[in-house]
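Colleague: Following this line is model_31.cif, made up of mmCIF, C-alpha atoms:
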data_start
#
loop_
_atom_site.label_atom_id
_atom_site.label_comp_id
_atom_site.auth_asym_id
_atom_site.auth_seq_id
_atom_site.Cartn_x
_atom_site.Cartn_y
_atom_site.Cartn_z
CA MET N 1 52.79 -47.67 6.90
CA MET N 2 49.60 -46.96 4.92
CA THR N 3 47.58 -44.00 6.20
CA PRO N 4 43.85 -44.45 6.98
CA PHE N 5 43.00 -42.35 3.91
CA ARG N 6 45.07 -44.59 1.63
CA GLY N 7 43.69 -47.70 3.24
CA MET N 8 40.07 -46.63 2.79
CA ALA N 9 40.66 -45.44 -0.77
CA LEU N 10 42.48 -48.64 -1.72
CA ALA N 11 39.74 -50.76 -0.17
CA ALA N 12 37.09 -48.81 -2.06
CA VAL N 13 38.86 -49.25 -5.41
CA LEU N 14 39.49 -52.95 -4.76
CA ALA N 15 35.83 -53.43 -3.86
CA THR N 16 34.86 -51.78 -7.11
CA THR N 17 37.29 -54.05 -8.95
CA LEU N 18 35.53 -57.11 -7.63
CA GLN N 19 32.01 -55.84 -8.33
CA SER N 20 32.23 -54.19 -11.74
CA GLY N 21 34.07 -54.21 -15.03
CA VAL N 22 35.33 -51.66 -17.46
CA VAL N 23 32.49 -49.59 -18.90
CA VAL N 24 33.51 -50.37 -22.48
CA ALA N 25 32.38 -53.30 -24.56
CA GLU N 26 34.91 -55.78 -25.96
CA SER N 27 34.69 -54.09 -29.34
CA GLY N 28 35.86 -50.85 -27.75
CA VAL N 29 32.48 -49.22 -28.40
CA SER N 30 30.23 -48.45 -25.45
CA SER N 31 27.28 -46.98 -27.39
CA LYS N 32 25.83 -46.83 -30.88
CA LEU N 33 23.77 -44.29 -32.84
CA GLN N 34 21.89 -45.43 -35.94
CA VAL N 35 19.19 -44.12 -38.28
CA HIS N 36 16.60 -46.73 -39.27
CA ILE N 37 14.19 -44.47 -41.18
CA PRO N 38 14.75 -43.19 -43.83
CA ASN N 39 16.81 -46.07 -45.11
CA ASN N 40 19.09 -43.83 -47.18
CA LEU N 41 20.46 -42.34 -43.94
CA ASN N 42 21.21 -45.75 -42.45
CA ARG N 43 24.97 -46.13 -42.08
CA ALA N 44 26.94 -49.35 -41.63
CA GLY N 45 28.32 -49.32 -38.11
CA GLY N 46 26.24 -46.31 -37.08
CA TYR N 47 27.17 -42.66 -36.59
CA ASP N 48 30.08 -41.18 -34.67
CA HIS N 49 28.97 -39.30 -31.58
CA LYS N 50 29.90 -38.18 -28.07
CA GLU N 51 28.14 -39.57 -25.00
CA ALA N 52 27.06 -37.26 -22.21
CA LEU N 53 28.86 -37.60 -18.89
CA PHE N 54 25.53 -37.16 -17.10
CA GLY N 55 22.15 -38.85 -17.30
CA VAL N 56 21.32 -42.54 -16.89
CA PRO N 57 21.75 -44.64 -20.06
CA PRO N 58 19.93 -48.01 -20.17
CA TYR N 59 23.11 -50.11 -20.36
CA GLY N 60 22.47 -53.33 -22.24
CA GLY N 61 19.40 -51.80 -23.88
CA SER N 62 18.40 -49.23 -26.48
CA ILE N 63 15.96 -46.43 -27.22
CA GLN N 64 14.40 -46.51 -30.69
CA GLN N 65 11.90 -43.73 -31.31
CA ASN N 66 10.84 -41.08 -33.78
CA VAL N 67 12.86 -37.87 -33.71
CA TYR N 68 11.51 -34.34 -33.42
CA TYR N 69 13.63 -31.28 -34.08
CA ALA N 70 12.94 -28.54 -31.54
CA ASP N 71 14.14 -25.79 -33.90
CA SER N 72 15.40 -24.08 -30.75
CA ASN N 73 18.46 -24.09 -28.50
CA LEU N 74 16.13 -25.20 -25.67
CA CYS N 75 17.77 -22.90 -23.11
CA ASP N 76 14.39 -21.56 -21.94
CA PRO N 77 12.73 -23.91 -19.42
CA ASN N 78 9.35 -23.03 -20.94
CA VAL N 79 9.64 -25.47 -23.83
CA ASP N 80 7.12 -25.09 -26.66
CA THR N 81 6.27 -28.73 -27.41
CA ARG N 82 3.94 -27.60 -30.21
CA ALA N 83 6.76 -26.12 -32.27
CA GLY N 84 9.47 -27.76 -34.34
CA TYR N 85 9.47 -30.44 -37.01
CA PRO N 86 8.05 -32.56 -38.53
CA ILE N 87 4.77 -30.63 -38.53
CA ARG N 88 1.92 -32.45 -36.76
CA PRO N 89 -1.88 -32.28 -37.21
CA LEU N 90 -3.84 -29.49 -35.56
CA ASP N 91 -5.95 -30.04 -32.45
CA ASN N 92 -9.53 -28.81 -31.94
CA ASP N 93 -8.21 -25.37 -31.01
CA GLY N 94 -6.31 -25.06 -34.25
CA ARG N 95 -2.91 -25.50 -32.61
CA MET N 96 -0.32 -28.00 -33.74
CA MET N 97 -0.27 -31.17 -31.64
CA PRO N 98 2.62 -31.58 -29.15
CA TRP N 99 5.46 -33.98 -29.77
CA PRO N 100 3.88 -37.41 -29.19
CA SER N 101 5.59 -39.36 -26.40
CA PRO N 102 7.85 -41.25 -26.34
CA TYR N 103 10.23 -39.37 -28.62
CA ILE N 104 13.86 -38.44 -29.11
CA LEU N 105 14.37 -34.68 -29.26
CA MET N 106 17.03 -33.11 -31.47
CA VAL N 107 18.30 -29.77 -30.20
CA ASP N 108 20.87 -27.34 -31.57
CA ARG N 109 24.13 -26.84 -29.66
CA GLY N 110 24.86 -23.39 -28.23
CA GLY N 111 23.33 -20.76 -25.98
CA CYS N 112 23.62 -22.68 -22.69
CA THR N 113 25.15 -25.81 -21.20
CA PHE N 114 24.43 -29.33 -22.38
CA VAL N 115 22.90 -30.10 -18.98
CA ASN N 116 20.48 -27.18 -19.26
CA LYS N 117 19.28 -28.33 -22.68
CA VAL N 118 18.82 -31.96 -21.66
CA ARG N 119 17.06 -30.98 -18.43
CA ASN N 120 14.53 -28.88 -20.35
CA ALA N 121 14.03 -31.69 -22.88
CA GLN N 122 13.49 -34.15 -20.02
CA ARG N 123 10.86 -31.89 -18.48
CA SER N 124 9.11 -31.67 -21.84
CA GLY N 125 8.78 -35.47 -21.96
CA ALA N 126 11.70 -36.53 -24.17
CA ALA N 127 13.02 -40.08 -23.76
CA ALA N 128 16.48 -39.05 -24.99
CA VAL N 129 18.24 -36.08 -26.59
CA ILE N 130 20.48 -35.59 -29.61
CA ILE N 131 22.50 -32.37 -29.52
CA ALA N 132 23.14 -31.31 -33.12
CA ASP N 133 26.55 -29.67 -33.30
CA ASN N 134 26.65 -26.24 -34.93
CA THR N 135 30.38 -26.20 -35.71
CA CYS N 136 32.25 -28.38 -38.19
CA LEU N 137 35.17 -30.55 -37.28
CA CYS N 138 38.26 -29.52 -39.23
CA SER N 139 38.78 -33.17 -40.14
CA ALA N 140 35.40 -33.24 -41.92
CA GLY N 141 36.78 -31.14 -44.76
CA ASP N 142 34.33 -30.60 -47.62
CA ARG N 143 31.74 -32.88 -45.99
CA CYS N 144 30.70 -30.11 -43.59
CA PHE N 145 29.78 -26.45 -44.03
CA SER N 146 29.87 -23.95 -41.15
CA GLU N 147 28.14 -20.61 -41.00
CA PRO N 148 30.17 -17.74 -42.51
CA GLY N 149 32.82 -16.52 -40.09
CA VAL N 150 32.69 -19.66 -37.90
CA ASP N 151 35.99 -21.52 -37.71
CA CYS N 152 36.12 -25.31 -37.59
CA GLU N 153 37.04 -27.15 -34.38
CA THR N 154 39.90 -29.61 -34.11
CA ARG N 155 37.89 -31.88 -31.80
CA GLU N 156 34.39 -32.27 -30.49
CA PRO N 157 33.66 -30.87 -27.02
CA ILE N 158 33.14 -33.18 -24.08
CA MET N 159 29.51 -33.37 -22.95
CA ALA N 160 30.50 -32.69 -19.37
CA ASP N 161 28.26 -32.16 -16.36
CA ASP N 162 28.11 -28.47 -15.42
CA GLY N 163 27.83 -29.46 -11.76
CA SER N 164 24.03 -29.49 -11.66
CA GLY N 165 23.25 -32.62 -13.68
CA SER N 166 22.37 -35.00 -10.84
CA ASP N 167 18.66 -34.64 -11.67
CA ILE N 168 19.10 -35.77 -15.29
CA SER N 169 17.73 -39.28 -15.83
CA ILE N 170 17.59 -39.47 -19.64
CA PRO N 171 20.59 -40.16 -21.94
CA SER N 172 21.96 -37.83 -24.58
CA PHE N 173 24.49 -37.80 -27.41
CA LEU N 174 26.29 -35.04 -29.30
CA MET N 175 26.06 -35.65 -33.05
CA TYR N 176 28.66 -34.21 -35.41
CA LYS N 177 27.45 -31.38 -37.66
CA GLN N 178 28.12 -33.14 -40.96
CA ASP N 179 25.90 -36.02 -39.77
CA ALA N 180 23.24 -33.98 -37.96
CA ASP N 181 22.59 -31.57 -40.85
CA PRO N 182 21.05 -34.18 -43.21
CA ILE N 183 18.80 -35.44 -40.42
CA LYS N 184 17.65 -31.91 -39.61
CA ALA N 185 16.94 -31.38 -43.30
CA GLU N 186 14.73 -34.49 -43.38
CA LEU N 187 12.83 -33.33 -40.31
CA GLN N 188 12.39 -29.78 -41.63
CA ALA N 189 11.04 -31.30 -44.85
CA ASN N 190 8.39 -32.95 -42.61
CA HIS N 191 9.73 -36.45 -43.16
CA MET N 192 9.77 -38.97 -40.35
CA VAL N 193 13.16 -39.95 -38.92
CA ARG N 194 13.56 -42.86 -36.55
CA LEU N 195 16.76 -43.20 -34.52
CA GLU N 196 18.19 -45.90 -32.30
CA MET N 197 20.49 -45.12 -29.38
CA ALA N 198 21.99 -48.29 -27.91
CA TRP N 199 24.38 -49.00 -25.05
CA ALA N 200 26.60 -52.02 -24.51
CA LEU N 201 26.98 -53.78 -21.21
CA PRO N 202 30.38 -53.44 -19.60
CA SER N 203 32.80 -56.17 -20.57
CA PRO N 204 33.81 -57.76 -17.26
CA ASP N 205 37.51 -58.16 -16.57
CA ASP N 206 39.82 -57.79 -13.61
CA ARG N 207 40.54 -54.08 -14.06
CA VAL N 208 38.61 -51.05 -12.83
CA GLU N 209 38.81 -47.60 -14.37
CA TYR N 210 38.69 -44.54 -12.14
CA GLN N 211 38.99 -40.85 -12.93
CA LEU N 212 39.80 -37.59 -11.19
CA TRP N 213 38.32 -34.30 -12.39
CA THR N 214 40.30 -31.38 -11.03
CA THR N 215 42.31 -28.24 -11.70
CA PRO N 216 45.83 -27.31 -10.57
CA THR N 217 44.31 -24.92 -8.01
CA ASP N 218 41.59 -27.27 -6.73
CA LEU N 219 41.78 -27.49 -2.93
CA ILE N 220 39.37 -30.39 -2.47
CA SER N 221 41.41 -33.00 -4.35
CA ARG N 222 44.80 -32.12 -2.87
CA ASP N 223 44.74 -34.70 -0.08
CA PHE N 224 43.86 -37.37 -2.64
CA GLN N 225 46.70 -36.29 -4.93
CA ARG N 226 49.15 -36.22 -2.04
CA GLN N 227 48.22 -39.56 -0.55
CA PHE N 228 46.91 -41.88 -3.26
CA LYS N 229 50.13 -42.59 -5.18
CA ASP N 230 50.98 -45.66 -3.10
CA ALA N 231 47.49 -47.06 -3.66
CA ALA N 232 47.77 -46.44 -7.40
CA LEU N 233 51.08 -48.28 -7.50
CA ALA N 234 49.72 -51.13 -5.40
CA LEU N 235 46.76 -51.56 -7.75
CA GLY N 236 49.11 -51.72 -10.75
CA ASP N 237 47.48 -53.22 -13.83
CA ARG N 238 44.33 -54.10 -11.85
CA ALA N 239 43.21 -50.49 -12.25
CA TYR N 240 43.51 -47.69 -14.80
CA PHE N 241 43.57 -44.09 -13.60
CA THR N 242 42.80 -41.03 -15.74
CA PRO N 243 43.26 -37.47 -14.47
CA ASN N 244 40.99 -34.97 -16.23
CA MET N 245 41.50 -31.22 -16.08
CA TYR N 246 38.77 -28.59 -16.28
CA VAL N 247 39.21 -25.69 -18.69
CA TYR N 248 36.43 -23.91 -20.53
CA ASP N 249 35.93 -22.98 -24.15
CA GLY N 250 36.69 -19.28 -24.50
CA ILE N 251 35.03 -19.06 -27.91
CA MET N 252 31.72 -20.39 -26.57
CA SER N 253 32.04 -18.01 -23.61
CA GLY N 254 32.63 -14.97 -25.79
CA CYS N 255 36.25 -14.53 -24.75
CA GLN N 256 37.54 -14.50 -28.31
CA GLY N 257 36.35 -11.47 -30.26
CA GLU N 258 35.44 -11.28 -33.91
CA ASP N 259 38.97 -10.06 -34.59
CA GLY N 260 40.38 -13.20 -32.94
CA GLN N 261 41.69 -11.29 -29.94
CA ASN N 262 41.31 -12.15 -26.25
CA GLN N 263 38.37 -10.32 -24.65
CA CYS N 264 38.75 -11.80 -21.18
CA PHE N 265 41.99 -10.24 -19.97
CA ASN N 266 44.19 -12.80 -18.19
CA LEU N 267 41.59 -15.53 -17.77
CA CYS N 268 42.49 -17.10 -21.12
CA SER N 269 45.38 -18.23 -23.27
CA ASN N 270 45.66 -18.62 -27.05
CA ASN N 271 43.84 -15.36 -27.84
CA GLY N 272 40.86 -16.24 -25.67
CA ARG N 273 40.54 -19.88 -26.85
CA TYR N 274 41.21 -21.72 -23.55
CA CYS N 275 40.18 -20.22 -20.22
CA ALA N 276 39.99 -20.93 -16.51
CA THR N 277 38.52 -19.06 -13.57
CA ASP N 278 40.81 -16.83 -11.55
CA PRO N 279 41.57 -18.85 -8.38
CA ASP N 280 41.93 -15.81 -6.13
CA ASN N 281 39.27 -13.65 -7.87
CA ASP N 282 41.76 -10.84 -8.39
CA LEU N 283 42.55 -10.05 -12.03
CA ASP N 284 45.26 -7.56 -11.10
CA ARG N 285 47.52 -9.81 -9.04
CA GLY N 286 48.21 -13.40 -8.03
CA ILE N 287 47.58 -16.52 -10.08
CA SER N 288 45.53 -15.88 -13.22
CA GLY N 289 43.18 -18.09 -15.20
CA ALA N 290 45.76 -18.21 -18.01
CA ASP N 291 48.34 -19.45 -15.48
CA VAL N 292 45.96 -22.27 -14.54
CA VAL N 293 45.48 -23.16 -18.22
CA GLY N 294 49.27 -23.39 -18.64
CA GLU N 295 49.75 -25.69 -15.67
CA THR N 296 46.77 -27.75 -16.82
CA LEU N 297 48.37 -28.31 -20.22
CA ARG N 298 51.67 -29.28 -18.59
CA ARG N 299 49.99 -31.91 -16.41
CA MET N 300 48.09 -33.29 -19.39
CA CYS N 301 51.37 -33.62 -21.30
CA ILE N 302 53.02 -35.38 -18.35
CA TRP N 303 50.12 -37.83 -18.10
CA ASN N 304 50.11 -38.53 -21.83
CA GLU N 305 53.82 -39.29 -21.74
CA TYR N 306 54.08 -41.26 -18.51
CA GLY N 307 50.61 -42.47 -17.55
CA GLN N 308 48.41 -43.03 -20.58
CA LYS N 309 49.93 -46.40 -21.40
CA ASP N 310 49.90 -48.09 -17.98
CA GLY N 311 47.14 -46.13 -16.22
CA VAL N 312 49.39 -45.62 -13.17
CA GLY N 313 51.59 -42.66 -14.13
CA LEU N 314 54.19 -42.66 -11.37
CA GLN N 315 55.88 -39.54 -12.75
CA TRP N 316 52.53 -37.71 -12.88
CA TRP N 317 51.88 -38.35 -9.20
CA ASP N 318 55.45 -37.36 -8.32
CA TYR N 319 55.31 -34.17 -10.37
CA VAL N 320 51.99 -33.05 -8.89
CA ASN N 321 53.34 -33.58 -5.38
CA GLU N 322 56.64 -31.87 -6.17
CA PHE N 323 54.74 -28.92 -7.66
CA MET N 324 52.47 -28.62 -4.63
CA PHE N 325 55.51 -28.76 -2.35
CA ARG N 326 57.73 -26.33 -4.28
CA CYS N 327 55.67 -24.09 -6.55
CA ASP N 328 52.11 -23.85 -5.27
CA THR N 329 52.24 -20.19 -4.27
CA GLU N 330 51.45 -17.03 -6.14
CA ASP N 331 55.17 -16.19 -6.36
CA TYR N 332 56.27 -19.53 -7.84
CA PHE N 333 53.21 -20.92 -9.62
CA THR N 334 54.57 -19.89 -13.03
CA ASN N 335 58.25 -19.69 -12.09
CA GLU N 336 60.09 -21.62 -14.82
CA ASP N 337 63.00 -22.61 -12.56
CA CYS N 338 60.65 -23.94 -9.90
CA ILE N 339 58.56 -25.89 -12.40
CA ASN N 340 61.62 -27.38 -14.08
CA ASP N 341 62.99 -28.31 -10.66
CA ALA N 342 59.72 -30.08 -9.82
CA MET N 343 59.82 -31.98 -13.12
CA THR N 344 63.48 -32.93 -12.60
CA HIS N 345 62.79 -34.29 -9.09
CA ALA N 346 59.83 -36.27 -10.53
CA LYS N 347 62.08 -37.69 -13.30
CA VAL N 348 60.03 -35.94 -15.99
CA ASP N 349 61.82 -35.06 -19.23
CA VAL N 350 61.61 -31.24 -19.32
CA GLY N 351 62.41 -31.05 -23.03
CA LYS N 352 59.66 -33.50 -23.96
CA MET N 353 57.10 -31.55 -21.94
CA GLU N 354 58.09 -28.27 -23.57
CA ALA N 355 57.75 -29.90 -26.99
CA CYS N 356 54.38 -31.40 -26.06
CA MET N 357 53.04 -28.05 -24.91
CA ALA N 358 54.30 -26.34 -28.05
CA ASP N 359 52.80 -29.04 -30.28
CA SER N 360 49.46 -28.59 -28.47
CA GLY N 361 49.30 -24.94 -29.50
CA GLY N 362 51.42 -23.40 -26.78
CA LEU N 363 50.11 -20.71 -24.47
CA GLU N 364 50.40 -17.51 -26.51
#
Please express what this file holds, its structure, as structure tokens.

Modeller:
Amino acid sequence: MMTPFRGMALAAVLATTLQSGVVVAESGVSSKLQVHIPNNLNRAGGYDHKEALFGVPPYGGSIQQNVYYADSNLCDPNVDTRAGYPIRPLDNDGRMMPWPSPYILMVDRGGCTFVNKVRNAQRSGAAAVIIADNTCLCSAGDRCFSEPGVDCETREPIMADDGSGSDISIPSFLMYKQDADPIKAELQANHMVRLEMAWALPSPDDRVEYQLWTTPTDLISRDFQRQFKDAALALGDRAYFTPNMYVYDGIMSGCQGEDGQNQCFNLCSNNGRYCATDPDNDLDRGISGADVVGETLRRMCIWNEYGQKDGVGLQWWDYVNEFMFRCDTEDYFTNEDCINDAMTHAKVDVGKMEACMADSGGLE
């Protein structure tokens, strides 16, 4: 018999299925970033970018405005709208004119969260924000040049909400460094740059996408994870589920020292590269942040193997429940026998998961 929680959750997802479609256009692209002026920076198909997971994009519409470079990380709420590039005329007091609204503001990555930057830009009058990445992608090769001593990144960060982004009403993109640098150079040379940020309407179909953002030690989502499997199976190919796991970038948080060593004790794995908060706030005992990172990676591997294709992931649901039943204590959270037992009961291939975790960089 279906519990009230399952019944309500299933009804909610089915209602969403009937009222909305997948938030991705038929072409597989949900947004576009293009330079219209100068023409030599116009690129067929537009520029690669990351969309923010906060703010309110004008779906089905676009924002096409002149760009101003703040020449600042915009972490201070007291934004100097008379600074930056291109240089503007002086007012009667001999001060440079503010950025003329409406405008798109380009801001450097780093120093504070994406939400903080976009909030300050919004308060200054920006219609939209482009975060210019300050670290090269490794895949960019010779097309991108990082500052001395700065290693490349294997992938762009997710522009996630830091938990306070409900007041953000403007859209924002993260632009890759190799693409942002030429635009910044144009602006710093006092040349006008005009950008277009466009968003596709969802392509209606009979499938809804839903996501869970959690951690292996998250208490709030446990009832959902325990009870929703039957609903997920009942929805089948009418819905596509994606579990997302929170970890934070240890390099951005200063947990990896200049010598490449971990500076944050047992909060991080991979020499301070991937970190999580200590769930019991005791660094000397219990479950550590590094333990949470390890279990996070395991669950991501299980999803990629058993859930990514069909969006249901029966084995993922079974493993999470088996883990919570068998291993979710400080004594067994990292116990290899307990974890393998949970995977075996969930019909998860232990060898494949070990290989996946190793291929992802392991936990050393």

Colleague: Would you kindly return, as a PyMOL selection string, each protein, DNA or RNA residue with an atom no farther than 7 Å from any atom of N:Pro243, considering only C-alpha atoms and excluding same-chain residues fewer than 3 positions away?

Modeller: chain N and resi 211-213

Colleague: Could you list, as a JSON list (two decimals) with C-alpha atoms, keeping the file's coordinate frame, every residue matched by the PyMOL selection byres ((chain N and resi 261) around 12) in this structure?

Modeller:
[["chain", "number", "residue", "atom", "x", "y", "z"],
["N", 250, "GLY", "CA", 36.69, -19.28, -24.50],
["N", 251, "ILE", "CA", 35.03, -19.06, -27.91],
["N", 254, "GLY", "CA", 32.63, -14.97, -25.79],
["N", 255, "CYS", "CA", 36.25, -14.53, -24.75],
["N", 256, "GLN", "CA", 37.54, -14.50, -28.31],
["N", 257, "GLY", "CA", 36.35, -11.47, -30.26],
["N", 258, "GLU", "CA", 35.44, -11.28, -33.91],
["N", 259, "ASP", "CA", 38.97, -10.06, -34.59],
["N", 260, "GLY", "CA", 40.38, -13.20, -32.94],
["N", 262, "ASN", "CA", 41.31, -12.15, -26.25],
["N", 263, "GLN", "CA", 38.37, -10.32, -24.65],
["N", 264, "CYS", "CA", 38.75, -11.80, -21.18],
["N", 265, "PHE", "CA", 41.99, -10.24, -19.97],
["N", 268, "CYS", "CA", 42.49, -17.10, -21.12],
["N", 269, "SER", "CA", 45.38, -18.23, -23.27],
["N", 270, "ASN", "CA", 45.66, -18.62, -27.05],
["N", 271, "ASN", "CA", 43.84, -15.36, -27.84],
["N", 272, "GLY", "CA", 40.86, -16.24, -25.67],
["N", 273, "ARG", "CA", 40.54, -19.88, -26.85],
["N", 364, "GLU", "CA", 50.40, -17.51, -26.51]]

Colleague: So what does the PyMOL selection byres ((chain N and resi 346) around 12) actually pick up in this one, as a list in words?

Modeller: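 That selection, the PyMOL selection byres ((chain N and resi 346) around 12), comes back as Ile302, Tyr306, Gly313, Leu314, Gln315, Trp316, Trp317, Asp318, Tyr319, Val320, Asn321, Glu322, Phe323, Phe325, Arg326, Ile339, Asn340, Asp341, Ala342, Met343, Thr344, His345, Lys347, Val348, Asp349 and Val350 of chain N.
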
Colleague: Please return, as a PyMOL selection string, all polymer residues that have at least one atom within 12 Å of the point (3.7, -33.6, -32.7); use only C-alpha atoms and the file's own coordinate frame.

Modeller: chain N and resi 66-70+80-91+95-105+187+190+192

Colleague: Could you produce a table of the residues of stretch 168-252 of chain N lying within 9 Å of stretch 138-146 of chain N, with the nearest pair of atoms per residue and their separation in Å rounded to one decimal, using only C-alpha atoms, ordered by chain and increasing residue number, as a Markdown table?

Modeller:
| residue | atom | partner | partner_atom | distance |
| --- | --- | --- | --- | --- |
| N:Lys177 | CA | N:Cys144 | CA | 6.9 |
| N:Gln178 | CA | N:Cys144 | CA | 4.8 |
| N:Asp179 | CA | N:Cys144 | CA | 8.5 |
| N:Asp181 | CA | N:Cys144 | CA | 8.7 |

Colleague: For this structure, which residues satisfy the selection - the PyMOL selection byres ((chain N and resi 36) around 10) - when it is evaluated on the file as given? I want them as a list of chain:residue names.

Modeller: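 Residues picked by the PyMOL selection byres ((chain N and resi 36) around 10): N:Leu33, N:Gln34, N:Val35, N:Ile37, N:Pro38, N:Asn39, N:Asn40, N:Leu41, N:Asn42, N:Arg43, N:Gly46, N:Gln64, N:Gln65, N:Asn66, N:Val193, N:Arg194, N:Leu195, N:Glu196.
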
Colleague: Using all atoms listed in the file, which protein or nucleic acid residues come within 10 Å of N:Asp151? Drop anything in the same chain fewer than 6 positions from it, and give the result as a PyMOL selection string.

Modeller: chain N and resi 135-138

Colleague: Could you list, as a VMD selection string, every residue within 9 Å of N:Ala232, counting only C-alpha atoms and ignoring same-chain residues fewer than 6 positions away?

Modeller: chain N and resid 10 239 to 241 311 to 314

Colleague: Work out how far apart atom CA of N:Pro171 and atom CA of N:His191 are and give it in Å to one decimal.

Modeller: 24.1 Å

Colleague: Assuming 4 Å of padding per side, give the centre and edge lengths of the axis-aligned box around every listed atom of stretch 104-118 of chain N, in Å to one decimal and as AutoDock Vina command-line options.

Modeller:
--center_x 19.5 --center_y -29.6 --center_z -25.3 --size_x 19.3 --size_y 25.7 --size_z 20.6

Colleague: Closest to N:Gly236 among N:Asp310, N:Asp218, N:Asp280, N:Glu295, using all atoms listed in the file?

Modeller: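 Of N:Asp310, N:Asp218, N:Asp280, N:Glu295, the one nearest N:Gly236, counting all atoms listed in the file, is N:Asp310.
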
Colleague: Work out how far apart atom CA of N:Asp230 and atom CA of N:Met300 are and give it in Å to one decimal.

Modeller: 20.7 Å

Colleague: Pick from N:Arg155, N:Arg222, N:Lys352, N:Arg123: nearest to N:Asn78, with only C-alpha atoms counted?

Modeller: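 Closest residue, counting only C-alpha atoms: N:Arg123.
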
Colleague: What is the atom CA of N:Val118-atom CA of N:Ser172 distance in Å, reported with one decimal?

Modeller: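 According to the coordinates, atom CA of N:Val118 and atom CA of N:Ser172 are separated by 7.3 Å.
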
Colleague: Can you work out which one of N:Gly55, N:Met197, N:Gly45, N:Ser124 has the shortest atom-to-atom distance to N:Gly165, counting all atoms listed in the file?

Modeller: N:Gly55

Colleague: I'd like the neighbourhood of N:Thr277 as a ChimeraX atom specification, where a residue qualifies if any of its atoms comes within 9 Å (using all atoms listed in the file), though same-chain residues fewer than 4 positions away should be ignored.

Modeller: /N:247-248,267-268,281,288-290,292

Colleague: Can you spit out the residues from that selection as a tab-separated table (two decimals), in the coordinates of the input, using C-alpha atoms?

Modeller:
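This is the output file out38.tsv:
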chain	number	residue	atom	x	y	z
N	247	VAL	CA	39.21	-25.69	-18.69
N	248	TYR	CA	36.43	-23.91	-20.53
N	267	LEU	CA	41.59	-15.53	-17.77
N	268	CYS	CA	42.49	-17.10	-21.12
N	281	ASN	CA	39.27	-13.65	-7.87
N	288	SER	CA	45.53	-15.88	-13.22
N	289	GLY	CA	43.18	-18.09	-15.20
N	290	ALA	CA	45.76	-18.21	-18.01
N	292	VAL	CA	45.96	-22.27	-14.54

Colleague: Could you check which of N:Asp278, N:Asp206, N:Asp237, N:Glu336 is closest to N:Gly307, using all atoms listed in the file?

Modeller: N:Asp237

Colleague: Between N:Trp199, N:Lys50, N:Ala160, N:Arg207, which is the closest to N:Ile131 once you count only C-alpha atoms?

Modeller: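 Residue with the minimum atom-to-atom distance to N:Ile131: N:Lys50.
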
Colleague: Find, counting all atoms listed in the file, the residue in N:Lys32, N:Arg298, N:Arg109, N:Lys309 that gets nearest to N:Thr334.

Modeller: N:Arg298

Colleague: Mind filling out stretch 291-299 of chain N with N, CA, C and O atoms and sending it as a PDB file, in the coordinates of the input?

Modeller:
ATOM      1  N   ASP N 291      47.311 -18.659 -16.174  1.00  0.00           N
ATOM      2  CA  ASP N 291      48.340 -19.450 -15.480  1.00  0.00           C
ATOM      3  C   ASP N 291      47.825 -20.866 -15.201  1.00  0.00           C
ATOM      4  O   ASP N 291      48.565 -21.848 -15.347  1.00  0.00           O
ATOM      5  N   VAL N 292      46.564 -20.960 -14.815  1.00  0.00           N
ATOM      6  CA  VAL N 292      45.960 -22.270 -14.540  1.00  0.00           C
ATOM      7  C   VAL N 292      45.889 -23.100 -15.817  1.00  0.00           C
ATOM      8  O   VAL N 292      46.156 -24.304 -15.816  1.00  0.00           O
ATOM      9  N   VAL N 293      45.524 -22.455 -16.937  1.00  0.00           N
ATOM     10  CA  VAL N 293      45.480 -23.160 -18.220  1.00  0.00           C
ATOM     11  C   VAL N 293      46.860 -23.725 -18.555  1.00  0.00           C
ATOM     12  O   VAL N 293      46.995 -24.869 -19.002  1.00  0.00           O
ATOM     13  N   GLY N 294      47.908 -22.933 -18.339  1.00  0.00           N
ATOM     14  CA  GLY N 294      49.270 -23.390 -18.640  1.00  0.00           C
ATOM     15  C   GLY N 294      49.673 -24.597 -17.816  1.00  0.00           C
ATOM     16  O   GLY N 294      50.222 -25.572 -18.348  1.00  0.00           O
ATOM     17  N   GLU N 295      49.397 -24.560 -16.532  1.00  0.00           N
ATOM     18  CA  GLU N 295      49.750 -25.690 -15.670  1.00  0.00           C
ATOM     19  C   GLU N 295      48.891 -26.908 -15.993  1.00  0.00           C
ATOM     20  O   GLU N 295      49.346 -28.055 -15.922  1.00  0.00           O
ATOM     21  N   THR N 296      47.643 -26.660 -16.389  1.00  0.00           N
ATOM     22  CA  THR N 296      46.770 -27.750 -16.820  1.00  0.00           C
ATOM     23  C   THR N 296      47.356 -28.477 -18.018  1.00  0.00           C
ATOM     24  O   THR N 296      47.417 -29.713 -18.053  1.00  0.00           O
ATOM     25  N   LEU N 297      47.782 -27.709 -19.015  1.00  0.00           N
ATOM     26  CA  LEU N 297      48.370 -28.310 -20.220  1.00  0.00           C
ATOM     27  C   LEU N 297      49.620 -29.104 -19.863  1.00  0.00           C
ATOM     28  O   LEU N 297      49.828 -30.205 -20.383  1.00  0.00           O
ATOM     29  N   ARG N 298      50.450 -28.578 -18.988  1.00  0.00           N
ATOM     30  CA  ARG N 298      51.670 -29.280 -18.590  1.00  0.00           C
ATOM     31  C   ARG N 298      51.333 -30.645 -17.958  1.00  0.00           C
ATOM     32  O   ARG N 298      51.946 -31.667 -18.279  1.00  0.00           O
ATOM     33  N   ARG N 299      50.353 -30.651 -17.074  1.00  0.00           N
ATOM     34  CA  ARG N 299      49.990 -31.910 -16.410  1.00  0.00           C
ATOM     35  C   ARG N 299      49.376 -32.909 -17.383  1.00  0.00           C
ATOM     36  O   ARG N 299      49.573 -34.116 -17.255  1.00  0.00           O
TER      37      ARG N 299
END
